[in-house]
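*Asks:* I'd like to ask some things about the structure below.
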Amino acid sequence: MINHETIQDFYKNHPAAKKLRELPDLSIGTQGHFNVFSREFCSRYTSYSRRDYYKISLIIGKGKLYYGNKEVEINQHALIFFNRNVPYAWENISEVQTGFFCVFSEDFLIADTNVRSEDRSPLLYTESIPVYFISDEQEEFLTIIFSKMRSEMESEYVHKYDLLRTHVNLIIHEGMKMQPSGKQVSHVNGSSRIASLFIDLLERQFPIDSPENKLELRTAKDYAVRLSIHVNHLNRALKEVTGKTTTELILERIIHQAKLLLRQSNWSISEIAYCLGFEYSAYFNNLFKKQTGATPKSYRN
């Protein structure tokens, strides 16, 4: 089960929101909800959750973004588009974190048009989280836009939400301009379809939100049974598409989740071992050390 964060949770828990002198009206009116903040005040970690709002961040600082089975290192200034479809977690790496971010509701995007929001804002309607590393010139331009939005939020201009929506769309278009031109051709065959079904099933096992919840599918055979195919057929398909065996892919995902839990939870190592399907902590410790070169305890420390 994936944790779910509402806009109310954001205002209750986020350090930047806590700096507000008074909370905004969170009832969704005709203009939807929008706000913009400095990243000067942000948590070192944000937990792996699915949000019910959209977010665009201008990242000045270093960090790591986690979503699906991906770990994206942000080692230079970046523009990131977070959407409601993809759960994610964030970890600050550098001590200094600046830049801006804005949060907004679905209603905000479509308040002034009948055009579908996914047609107007394709970067926010993907099954990934688009990350664009930016130049100094792009950073300067985006900083001006975010600064204008902050000023506009404090104004009494009667049409300010229309203007804010224009600024958001300008940032979205700036991101779309950074996308590679042309379209990649996707070659779909039986193996690709099996691999896609397997990855989807694998990702649905995570994250684990309680030490009492044990991983449901643990072995290659477990996944083959669920997909109604022979384990050898599954293994051949995954090897063809990914270059890795079923067991290797499962193990990679388990180790990835173990790292997240060791860094971001206060669960004991035995609890983490149990929820990841290890009957004995020693088995987990040995496997983790074999895969990472460190024991779970030393990795956590």
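We name chains A, B, ... following the order of the structure tokens; residues begin at 1 in each chain, and ligands are numbered from 1 as shown.
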Using only C-alpha atoms, which residues sit within 10 Å of segment 34-46 of chain A once same-chain residues fewer than 4 positions away are excluded, as a PyMOL selection string?

*Replies:* chain A and resi 13-20+24+26+28+53-61+63-65+88-109+146-147+149-153+161+164-165+263-264

*Asks:* Find the spatial neighbours of segment 256-262 of chain A, counting only C-alpha atoms, within a cut-off of 12 Å - ignore same-chain residues fewer than 5 positions away - and output them as an NGL selection string.

*Replies:* :A and (45-48 or 64-71 or 88-91 or 202-203 or 205-211 or 215 or 249-251 or 267-278 or 284-285 or 287-289 or 291-292 or 294-301)

*Asks:* Counting only C-alpha atoms, give me one row per residue of segment 100-213 of chain A with an atom at most 12 Å from an atom of segment 242-246 of chain A, showing the shortest contact pair and its distance in Å to one decimal, sorted by chain then residue number, as JSON lines.

*Replies:*
```
{"residue": "A:Ser191", "atom": "CA", "partner": "A:Thr242", "partner_atom": "CA", "distance": 10.0}
{"residue": "A:Ser192", "atom": "CA", "partner": "A:Thr242", "partner_atom": "CA", "distance": 9.3}
{"residue": "A:Ile194", "atom": "CA", "partner": "A:Thr242", "partner_atom": "CA", "distance": 11.4}
{"residue": "A:Ala195", "atom": "CA", "partner": "A:Thr242", "partner_atom": "CA", "distance": 8.1}
{"residue": "A:Ser196", "atom": "CA", "partner": "A:Thr242", "partner_atom": "CA", "distance": 10.5}
{"residue": "A:Phe198", "atom": "CA", "partner": "A:Thr246", "partner_atom": "CA", "distance": 8.9}
{"residue": "A:Ile199", "atom": "CA", "partner": "A:Thr246", "partner_atom": "CA", "distance": 10.0}
{"residue": "A:Leu202", "atom": "CA", "partner": "A:Thr246", "partner_atom": "CA", "distance": 10.4}
```

*Asks:* By how many Å are atom CA of Arg50 of chain A and atom CA of Phe141 of chain A apart?

*Replies:*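 If I compute the distance from atom CA of Arg50 of chain A to atom CA of Phe141 of chain A, I get 29.7 Å.
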
*Asks:* Please compute the atom CA of Met176 of chain A-atom CA of Pro130 of chain A distance, one decimal, in Å.

*Replies:*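 Separation between atom CA of Met176 of chain A and atom CA of Pro130 of chain A: 9.8 Å.
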
*Asks:* Based on the backbone DSSP call, show me all residues of segment 64-276 of chain A assigned strand (DSSP E or B), as a list in words.

*Replies:*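 The strand (DSSP E or B) residues within segment 64-276 of chain A come out as Lys64, Leu65, Tyr66, Tyr67, Lys70, Glu71, Val72, Glu73, Ile74, Ala78, Leu79, Ile80, Phe81, Phe82, Tyr88, Ala89, Trp90, Glu91, Asn92, Thr98, Gly99, Phe100, Phe101, Cys102, Val103, Phe104, Val131, Tyr132 and Phe133 of chain A.
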
*Asks:* Calculate how many Å separate atom CA of Ser128 of chain A from atom CA of Ile110 of chain A, rounding to one decimal.

*Replies:*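 Straight-line distance from atom CA of Ser128 of chain A to atom CA of Ile110 of chain A works out to 21.5 Å.
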
*Asks:* According to DSSP computed on the backbone, where in segment 45-256 of chain A is there helix (DSSP H, G or I)? Give the residues as a PyMOL selection string.

*Replies:* chain A and resi 106-110+117-120+122-124+136-153+160-178+190-203+220-227+231-242+246-256

*Asks:* As a PyMOL selection string, please: the residues near segment 223-229 of chain A (cut-off 8 Å, only C-alpha atoms, same-chain neighbours under 4 positions excluded).

*Replies:* chain A and resi 197-198+201+217-219+233-234

*Asks:* How about saving the chosen residues, C-alpha atoms kept, as a PDB file, in the first residue's frame?

*Replies:*
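Once written, out21.pdb looks like this:
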```
ATOM      1  CA  LEU A 197       3.546  -6.853 -17.105  1.00  0.00           C
ATOM      2  CA  PHE A 198       6.288  -8.166 -14.843  1.00  0.00           C
ATOM      3  CA  LEU A 201       3.535  -6.320 -10.973  1.00  0.00           C
ATOM      4  CA  LEU A 217       5.646 -12.007  -4.144  1.00  0.00           C
ATOM      5  CA  ARG A 218       9.221 -13.013  -3.420  1.00  0.00           C
ATOM      6  CA  THR A 219      10.493 -15.473  -6.038  1.00  0.00           C
ATOM      7  CA  HIS A 233       9.191 -18.406 -20.314  1.00  0.00           C
ATOM      8  CA  LEU A 234       9.222 -15.405 -17.964  1.00  0.00           C
TER       9      LEU A 234
END
```
